Amino acid sequence: MSEAPPTLLRRVNLLEAAERPARSADVLIHNGQIAALGPTGPAAAAVAVAAGIDPTARADSTATVDPTATADPTASADPGASPAGWAAAGLRVVAADHLWLAPPLVDPHSVLEEPLLGRAETLTSLAEAAALGGYGSVALLPWGSPWRDRPEQLGLSWPQPLRLHLWGSFSQGGADAALAGHGDQLQAGAIGLAAAAALPPAALLERGLRLAELGDRPLLLAPRDPSLSRGGFVRERVEALRAGWPPDPVLSETLPLETLLALAAALPAASLRLMNLSTAEAVQRLERESSPPQASVCWWHLLADSGNLDPAAQGWRLEPSLGGPADRAALITALESGLISSVAVHHQPLDGEEMLLSPDQRRCGIAGHRRVGSIGVLPALWRELVQRHQWPPQKLWERLCWGPARFLGLEPERLQSGSRRWILFDPTAAPDGGLQPRGSLAANHGVPPGGGQGAIVASGLRGAAGWWAPGFPSC
């Protein structure tokens with residue numbers, strides 16, 4: 001395969017870092033890496049590339065440029081700074097004023113049960129699916145066969161530039177009967193500890209927290225009590241009752257949430273994380289806290305509810321249960337205000353055989369990491385939050401990238417010269433017009449109500465065959 005020419009994105013919308021506002025800039029991409037950033041820097045870098053010099057080796061290649069400086073590269077005295085000079089040097093120039101260049105997204109928790117031989121998903125297929133959807137980092141819950149609760153089970157990894165993080169287990173086998181070896185798992189590289197899909201007994205929780213082996217690492221807990229759900233799998237709202245779905249009362253979330261908040265108040269040094277809030281009542285309860293724990297929400301709960309999802313559609317059988325329109329509105333408001341800091345994919349893949357069962361007989365979950373032909377998280381949320389709710393793109397990236405990084409206890413990512421960790425998003429493209437590897441093996445991908453808008457048209461997360469989407473750039 002011939003090497004792609006260096007590509008200059010002219011006046012691309014740049015989301016460089018969490019602490020920096022969006023700005024317009026010229027960016028040079030070479031060999032899948034960001035070769036130069038800034039309004040005036042790319043001209044010199046382009047000449048260097050044409051001369052066979054690696055621009056990432058320049059001493060000033062990581063320097064940022066004054067955003068008030070002119071964004072017109074033709075204003076440079078460098079004779080290689082004109083469009084004609086770029087073309088003569090073999091440089092591909094793309095008018096990118098409608099595109100957004102940003103760090104890849106971060107998924108704070110998803111599920112992969114059988115990494116090597118899984119029928120619904122494998123470690124390799126999940127890596128393809130994550131990259132296809134623009135996710136450069138994914139944190140896997142310990143839920144699996146076998147349950148990942150020992151140091152020797154935490155050796156899973158992905159090749160660069162993708163990053164795989166692993167949650168250790170709070171209890172042995174996820175059974176909530178005895179504590180797992182917390183310190184051993186953290187020493188083996190666990191990013192933090194996570195419990196199962198229900199809240200462990202309060203006595204076990206308190207004992208594990210008072211041992212203090214976690215230090216400042218996060219403990220991920222689901223405010224959920226299945227014994228209170230009465231077998232329901234749609235939140236007890238008028239829309240669910242009209243449709244005849246088995247209702248799940250709000251108390252199955254709010255009562256365990258009270259336990260968690262009481263523990264947080266009693267042990268303020270603990271870094272508790274709340275997994276997948278799903279009700280308006282839970283949001284209202286968190287609003288009364290002066291310093292609430294960080295919380296996540298599953299992407300599907302921001303798009304679908306029991307009032308807008310077709311009865312025959314995929315996406316009813318979830319854990320936590322799908323709420324009503326008021327729940328979804330409250331979750332979006334909490335996400336906008338920062339009360340909920342992170343959107344999780346919470347990818348729970350099911351295979352085709354299990355999907356033949358009726359919703360009340362198969363396991364809970366919806367796939368979120370992409371396969372070819374499905375609508376990814378980013379296009380779906382762009383349409384819902386940026387287009388419908390008028391969010392600035394910077395806020396969407398805060399909840400999909402930088403917020404989830406803090407949720408995991410990581411430093412928020414920024415674009416850097418020499419890095420392949422970048423994605424280029426086109427809000428005007430068809431949502432299935434992104435990169436085209438195979439993607440996820442899961443059979444339970446849902447179609448978000450309202451669809452999606454936009455596509456990832458380029459990404460450094462994949463190899464040379466996948467940096468640019470088919471047909472892009474067309475110039």
# chains A, B, ... in the order shown; residues from 1 in each chain; ligands from 1
>>> residues_around(residues="range 101-105 of chain A", least_positions_apart="5", cutoff="9 Å", atoms="only C-alpha atoms", output="VMD selection string")
chain A and resid 12 to 17 27 131 133 to 138 378 397 400 to 402 404 413 to 415 421 to 425 459 461
>>> write_last_selection(atoms="N, CA and C atoms", output="mmCIF file, in the first residue's frame")
data_model
loop_
_atom_site.group_PDB
_atom_site.id
_atom_site.type_symbol
_atom_site.label_atom_id
_atom_site.label_comp_id
_atom_site.auth_asym_id
_atom_site.auth_seq_id
_atom_site.Cartn_x
_atom_site.Cartn_y
_atom_site.Cartn_z
ATOM 1 N N VAL A 12 -9.352 23.919 10.782
ATOM 2 C CA VAL A 12 -10.163 22.918 11.455
ATOM 3 C C VAL A 12 -10.560 23.434 12.837
ATOM 4 N N ASN A 13 -11.723 23.033 13.313
ATOM 5 C CA ASN A 13 -12.145 23.380 14.677
ATOM 6 C C ASN A 13 -11.421 22.453 15.635
ATOM 7 N N LEU A 14 -10.661 23.024 16.535
ATOM 8 C CA LEU A 14 -9.754 22.267 17.387
ATOM 9 C C LEU A 14 -10.248 22.246 18.831
ATOM 10 N N LEU A 15 -10.448 21.039 19.365
ATOM 11 C CA LEU A 15 -10.711 20.839 20.792
ATOM 12 C C LEU A 15 -9.429 20.238 21.369
ATOM 13 N N GLU A 16 -8.540 21.113 21.771
ATOM 14 C CA GLU A 16 -7.170 20.695 22.080
ATOM 15 C C GLU A 16 -7.026 20.064 23.446
ATOM 16 N N ALA A 17 -7.684 20.636 24.451
ATOM 17 C CA ALA A 17 -7.540 20.162 25.826
ATOM 18 C C ALA A 17 -8.717 20.669 26.643
ATOM 19 N N VAL A 27 -3.737 22.198 10.991
ATOM 20 C CA VAL A 27 -3.101 21.031 11.585
ATOM 21 C C VAL A 27 -2.589 20.129 10.466
ATOM 22 N N ALA A 131 -12.289 1.676 18.322
ATOM 23 C CA ALA A 131 -11.619 2.603 17.410
ATOM 24 C C ALA A 131 -12.589 3.127 16.360
ATOM 25 N N GLY A 133 -15.684 3.726 16.723
ATOM 26 C CA GLY A 133 -16.536 4.735 17.341
ATOM 27 C C GLY A 133 -15.799 5.921 17.919
ATOM 28 N N GLY A 134 -14.465 5.965 17.761
ATOM 29 C CA GLY A 134 -13.693 7.097 18.257
ATOM 30 C C GLY A 134 -13.226 6.962 19.689
ATOM 31 N N TYR A 135 -13.333 5.769 20.278
ATOM 32 C CA TYR A 135 -12.909 5.556 21.658
ATOM 33 C C TYR A 135 -11.463 5.067 21.696
ATOM 34 N N GLY A 136 -10.597 5.884 22.282
ATOM 35 C CA GLY A 136 -9.197 5.505 22.417
ATOM 36 C C GLY A 136 -8.888 4.816 23.717
ATOM 37 N N SER A 137 -9.792 4.901 24.694
ATOM 38 C CA SER A 137 -9.596 4.283 26.012
ATOM 39 C C SER A 137 -10.900 3.633 26.453
ATOM 40 N N VAL A 138 -10.800 2.396 26.922
ATOM 41 C CA VAL A 138 -11.952 1.668 27.444
ATOM 42 C C VAL A 138 -11.539 1.010 28.753
ATOM 43 N N LEU A 378 -21.111 8.771 19.533
ATOM 44 C CA LEU A 378 -20.831 10.175 19.227
ATOM 45 C C LEU A 378 -21.852 10.779 18.258
ATOM 46 N N TRP A 397 -17.520 17.003 24.574
ATOM 47 C CA TRP A 397 -16.231 16.315 24.769
ATOM 48 C C TRP A 397 -15.874 16.231 26.253
ATOM 49 N N LEU A 400 -17.700 13.151 27.334
ATOM 50 C CA LEU A 400 -17.333 11.912 26.649
ATOM 51 C C LEU A 400 -15.843 11.590 26.722
ATOM 52 N N CYS A 401 -15.033 12.566 27.075
ATOM 53 C CA CYS A 401 -13.579 12.375 27.043
ATOM 54 C C CYS A 401 -12.925 12.776 28.359
ATOM 55 N N TRP A 402 -12.921 14.067 28.645
ATOM 56 C CA TRP A 402 -12.158 14.550 29.801
ATOM 57 C C TRP A 402 -12.818 14.188 31.127
ATOM 58 N N PRO A 404 -14.837 11.477 31.788
ATOM 59 C CA PRO A 404 -14.583 10.066 32.058
ATOM 60 C C PRO A 404 -13.141 9.774 32.471
ATOM 61 N N GLU A 413 -6.870 13.975 28.659
ATOM 62 C CA GLU A 413 -5.981 13.935 27.501
ATOM 63 C C GLU A 413 -6.022 15.232 26.722
ATOM 64 N N ARG A 414 -4.934 15.497 25.986
ATOM 65 C CA ARG A 414 -4.848 16.653 25.107
ATOM 66 C C ARG A 414 -4.194 16.235 23.799
ATOM 67 N N LEU A 415 -4.478 16.975 22.740
ATOM 68 C CA LEU A 415 -3.838 16.719 21.459
ATOM 69 C C LEU A 415 -2.373 17.112 21.538
ATOM 70 N N ARG A 421 -3.260 9.666 18.780
ATOM 71 C CA ARG A 421 -4.509 9.657 19.551
ATOM 72 C C ARG A 421 -5.309 10.921 19.217
ATOM 73 N N TRP A 422 -6.018 10.850 18.081
ATOM 74 C CA TRP A 422 -6.860 11.953 17.620
ATOM 75 C C TRP A 422 -7.987 11.369 16.789
ATOM 76 N N ILE A 423 -9.096 12.084 16.744
ATOM 77 C CA ILE A 423 -10.195 11.739 15.852
ATOM 78 C C ILE A 423 -10.675 13.010 15.163
ATOM 79 N N LEU A 424 -11.177 12.844 13.947
ATOM 80 C CA LEU A 424 -11.687 13.964 13.157
ATOM 81 C C LEU A 424 -13.162 13.696 12.878
ATOM 82 N N PHE A 425 -14.024 14.558 13.382
ATOM 83 C CA PHE A 425 -15.475 14.353 13.308
ATOM 84 C C PHE A 425 -16.093 15.356 12.349
ATOM 85 N N SER A 459 -9.045 9.097 11.728
ATOM 86 C CA SER A 459 -8.633 8.790 13.096
ATOM 87 C C SER A 459 -7.245 8.183 13.080
ATOM 88 N N LEU A 461 -6.312 6.323 15.487
ATOM 89 C CA LEU A 461 -6.401 5.155 16.360
ATOM 90 C C LEU A 461 -6.173 3.855 15.610
#
>>> closest_residue(among="A:Ala282, A:Val447, A:Val345, A:Leu410", to="Asp310 in chain A", atoms="only C-alpha atoms")
A:Val447
>>> select_by_dssp(residues="range 229-472 of chain A", states="strand (DSSP E or B)", output="ChimeraX atom specification")
/A:234-235,247-248,271-274,294-298,322,342-344,367,371,423-426,439,445,455-459,468
>>> write_last_selection(atoms="C-alpha atoms", output="CSV table (one decimal), in the first residue's frame")
chain,number,residue,atom,x,y,z
A,234,VAL,CA,-38.8,-0.9,32.7
A,235,ARG,CA,-39.0,1.9,35.2
A,247,PRO,CA,-42.5,-2.2,36.1
A,248,ASP,CA,-39.3,-1.6,38.2
A,271,SER,CA,-13.3,7.9,46.1
A,272,LEU,CA,-16.7,6.5,45.4
A,273,ARG,CA,-18.1,6.5,41.9
A,274,LEU,CA,-21.8,5.9,41.1
A,294,GLN,CA,-18.9,11.5,40.7
A,295,ALA,CA,-21.6,9.7,38.7
A,296,SER,CA,-21.9,8.2,35.2
A,297,VAL,CA,-24.9,7.6,33.0
A,298,CYS,CA,-25.3,5.1,30.2
A,322,LEU,CA,-35.1,2.2,31.0
A,342,SER,CA,-19.4,11.0,32.5
A,343,VAL,CA,-21.2,9.2,29.8
A,344,ALA,CA,-20.4,5.5,29.8
A,367,ALA,CA,-24.1,-2.9,22.8
A,371,ARG,CA,-20.0,-2.3,14.2
A,423,ILE,CA,-10.2,11.7,15.9
A,424,LEU,CA,-11.7,14.0,13.2
A,425,PHE,CA,-15.5,14.4,13.3
A,426,ASP,CA,-17.7,15.7,10.5
A,439,GLY,CA,-16.3,-3.7,14.3
A,445,HIS,CA,-27.0,-2.9,18.8
A,455,ALA,CA,-19.3,10.5,11.4
A,456,ILE,CA,-15.7,10.1,12.3
A,457,VAL,CA,-14.0,10.7,8.9
A,458,ALA,CA,-10.4,10.2,10.1
A,459,SER,CA,-8.6,8.8,13.1
A,468,TRP,CA,-9.0,8.1,6.4
>>> closest_residue(among="A:Pro146, A:Ile29, A:Ala326, A:His109", to="Leu221 in chain A", atoms="only C-alpha atoms")
A:His109
>>> residues_around(residues="Leu267 in chain A", least_positions_apart="2", cutoff="9 Å", atoms="only C-alpha atoms", output="PyMOL selection string")
chain A and resi 206+209-210+262-265+269-270
>>> residues_around(residues="Ala180 in chain A", least_positions_apart="3", cutoff="12 Å", atoms="only C-alpha atoms", output="MDAnalysis selection string")
chainID A and resid 142 147:151 168:177 183:186 193:195 204:205 207:208 211 213:214
>>> atom_distance(atom1="CA of Ser290 in chain A", atom2="CA of Leu277 in chain A")
18.0 Å
>>> atom_distance(atom1="CA of Gly446 in chain A", atom2="CA of Gly368 in chain A")
8.1 Å
>>> residues_around(residues="range 237-246 of chain A", least_positions_apart="5", cutoff="12 Å", atoms="only C-alpha atoms", output="CSV table (one decimal) with C-alpha atoms, in the first residue's frame")
chain,number,residue,atom,x,y,z
A,229,SER,CA,-37.4,-4.5,41.5
A,230,ARG,CA,-40.0,-7.2,41.7
A,231,GLY,CA,-38.8,-8.6,38.4
A,232,GLY,CA,-39.6,-5.5,36.5
A,279,THR,CA,-34.0,8.1,37.5
A,280,ALA,CA,-35.1,11.7,38.1
A,305,ASP,CA,-37.1,6.3,27.1
A,306,SER,CA,-40.4,4.4,27.6
A,307,GLY,CA,-42.2,7.1,25.7
A,308,ASN,CA,-40.1,7.4,22.5
A,309,LEU,CA,-38.8,3.8,22.0
A,310,ASP,CA,-40.8,1.6,19.6
A,311,PRO,CA,-42.2,-1.4,21.5
A,312,ALA,CA,-40.6,-3.8,18.9
A,316,TRP,CA,-35.8,-2.2,26.4
A,317,ARG,CA,-34.0,-4.8,28.5
A,321,SER,CA,-34.1,-0.2,33.8
A,322,LEU,CA,-35.1,2.2,31.0
A,323,GLY,CA,-36.9,5.2,32.4
A,324,GLY,CA,-39.6,7.5,31.2
A,325,PRO,CA,-39.4,10.9,29.4
A,326,ALA,CA,-39.0,12.8,32.7
A,327,ASP,CA,-36.1,10.5,33.7
A,359,PRO,CA,-36.8,-9.7,26.1
A,360,ASP,CA,-37.8,-11.1,29.5
>>> select_by_dssp(residues="range 393-443 of chain A", states="alpha helix (DSSP H)", output="ChimeraX atom specification")
/A:393-397,403-407
>>> decode(residues="range 328-461 of chain A", atoms="C-alpha atoms", output="short mmCIF file (atom, residue, chain, number, x, y, z; two decimals), in the first residue's frame")
data_model
loop_
_atom_site.label_atom_id
_atom_site.label_comp_id
_atom_site.auth_asym_id
_atom_site.auth_seq_id
_atom_site.Cartn_x
_atom_site.Cartn_y
_atom_site.Cartn_z
CA ARG A 328 -34.27 11.14 30.46
CA ALA A 329 -34.81 14.90 30.71
CA ALA A 330 -33.47 14.95 34.28
CA LEU A 331 -30.39 12.93 33.29
CA ILE A 332 -29.61 15.30 30.41
CA THR A 333 -29.99 18.32 32.71
CA ALA A 334 -27.72 16.72 35.33
CA LEU A 335 -25.15 15.91 32.66
CA GLU A 336 -25.22 19.47 31.38
CA SER A 337 -24.73 20.94 34.85
CA GLY A 338 -21.91 18.51 35.74
CA LEU A 339 -23.84 16.73 38.49
CA ILE A 340 -23.26 13.68 36.29
CA SER A 341 -19.71 13.92 35.01
CA SER A 342 -19.38 11.05 32.55
CA VAL A 343 -21.21 9.25 29.77
CA ALA A 344 -20.43 5.53 29.77
CA VAL A 345 -20.90 3.19 26.84
CA HIS A 346 -21.48 0.32 29.27
CA HIS A 347 -21.18 -2.05 26.32
CA GLN A 348 -22.86 -5.37 27.17
CA PRO A 349 -22.68 -7.54 24.05
CA LEU A 350 -25.06 -10.44 23.41
CA ASP A 351 -24.73 -12.98 20.61
CA GLY A 352 -27.27 -13.75 17.92
CA GLU A 353 -28.54 -16.91 19.59
CA GLU A 354 -29.42 -15.12 22.81
CA MET A 355 -31.16 -12.37 20.87
CA LEU A 356 -33.67 -14.94 19.61
CA LEU A 357 -35.10 -15.11 23.13
CA SER A 358 -37.90 -12.82 24.26
CA PRO A 359 -36.78 -9.68 26.14
CA ASP A 360 -37.83 -11.07 29.53
CA GLN A 361 -35.77 -14.25 29.01
CA ARG A 362 -32.45 -12.86 27.80
CA ARG A 363 -29.85 -11.03 29.81
CA CYS A 364 -29.85 -7.27 30.18
CA GLY A 365 -27.71 -4.97 28.13
CA ILE A 366 -27.21 -3.08 24.91
CA ALA A 367 -24.08 -2.86 22.78
CA GLY A 368 -22.60 0.58 22.30
CA HIS A 369 -19.20 0.15 20.69
CA ARG A 370 -19.73 0.19 16.97
CA ARG A 371 -20.04 -2.30 14.21
CA VAL A 372 -20.34 -1.36 10.55
CA GLY A 373 -23.86 -0.14 9.80
CA SER A 374 -24.74 0.84 13.38
CA ILE A 375 -25.03 4.36 14.77
CA GLY A 376 -22.24 5.16 17.19
CA VAL A 377 -22.41 6.96 20.52
CA LEU A 378 -20.83 10.17 19.23
CA PRO A 379 -23.18 10.75 16.24
CA ALA A 380 -26.22 9.88 18.37
CA LEU A 381 -25.27 12.23 21.20
CA TRP A 382 -24.17 14.97 18.79
CA ARG A 383 -27.66 15.02 17.34
CA GLU A 384 -29.39 14.87 20.74
CA LEU A 385 -27.20 17.22 22.78
CA VAL A 386 -25.44 19.55 20.32
CA GLN A 387 -28.20 19.90 17.75
CA ARG A 388 -31.37 19.48 19.82
CA HIS A 389 -30.21 20.89 23.18
CA GLN A 390 -27.72 23.40 21.74
CA TRP A 391 -24.72 22.21 23.73
CA PRO A 392 -21.35 23.57 22.63
CA PRO A 393 -19.13 20.75 21.28
CA GLN A 394 -16.61 21.48 24.05
CA LYS A 395 -19.18 20.40 26.65
CA LEU A 396 -19.95 17.19 24.79
CA TRP A 397 -16.23 16.32 24.77
CA GLU A 398 -16.06 17.14 28.47
CA ARG A 399 -18.66 14.46 29.18
CA LEU A 400 -17.33 11.91 26.65
CA CYS A 401 -13.58 12.38 27.04
CA TRP A 402 -12.16 14.55 29.80
CA GLY A 403 -14.83 13.87 32.44
CA PRO A 404 -14.58 10.07 32.06
CA ALA A 405 -10.79 10.34 32.39
CA ARG A 406 -11.18 12.08 35.76
CA PHE A 407 -13.83 9.50 36.68
CA LEU A 408 -11.09 6.86 36.25
CA GLY A 409 -8.52 8.91 38.13
CA LEU A 410 -6.56 9.70 34.96
CA GLU A 411 -5.15 12.96 33.63
CA PRO A 412 -7.46 14.38 30.95
CA GLU A 413 -5.98 13.94 27.50
CA ARG A 414 -4.85 16.65 25.11
CA LEU A 415 -3.84 16.72 21.46
CA GLN A 416 -0.07 16.55 20.99
CA SER A 417 2.34 16.63 18.10
CA GLY A 418 3.67 13.17 17.29
CA SER A 419 0.56 11.44 18.65
CA ARG A 420 -1.87 9.12 16.88
CA ARG A 421 -4.51 9.66 19.55
CA TRP A 422 -6.86 11.95 17.62
CA ILE A 423 -10.19 11.74 15.85
CA LEU A 424 -11.69 13.96 13.16
CA PHE A 425 -15.47 14.35 13.31
CA ASP A 426 -17.67 15.66 10.51
CA PRO A 427 -21.10 16.75 11.88
CA THR A 428 -22.49 16.98 8.34
CA ALA A 429 -21.65 13.43 7.24
CA ALA A 430 -24.03 10.48 7.27
CA PRO A 431 -23.64 8.62 10.59
CA ASP A 432 -22.55 5.40 8.87
CA GLY A 433 -19.90 7.13 6.78
CA GLY A 434 -16.97 6.54 9.13
CA LEU A 435 -14.11 4.07 9.08
CA GLN A 436 -14.96 0.63 7.77
CA PRO A 437 -13.40 -2.27 9.65
CA ARG A 438 -15.60 -5.14 10.83
CA GLY A 439 -16.25 -3.70 14.27
CA SER A 440 -18.24 -5.33 17.07
CA LEU A 441 -19.55 -8.89 16.92
CA ALA A 442 -22.51 -8.11 19.19
CA ALA A 443 -26.06 -8.71 17.95
CA ASN A 444 -27.78 -6.27 20.32
CA HIS A 445 -27.02 -2.89 18.79
CA GLY A 446 -29.97 -0.53 19.07
CA VAL A 447 -31.07 2.25 16.75
CA PRO A 448 -31.38 5.45 18.83
CA PRO A 449 -34.74 7.22 18.44
CA GLY A 450 -34.07 10.08 16.05
CA GLY A 451 -30.96 8.41 14.64
CA GLY A 452 -27.64 10.23 14.65
CA GLN A 453 -25.77 12.97 12.89
CA GLY A 454 -22.16 13.03 11.75
CA ALA A 455 -19.33 10.54 11.36
CA ILE A 456 -15.69 10.07 12.26
CA VAL A 457 -14.01 10.65 8.90
CA ALA A 458 -10.42 10.16 10.05
CA SER A 459 -8.63 8.79 13.10
CA GLY A 460 -5.11 8.00 14.18
CA LEU A 461 -6.40 5.15 16.36
#
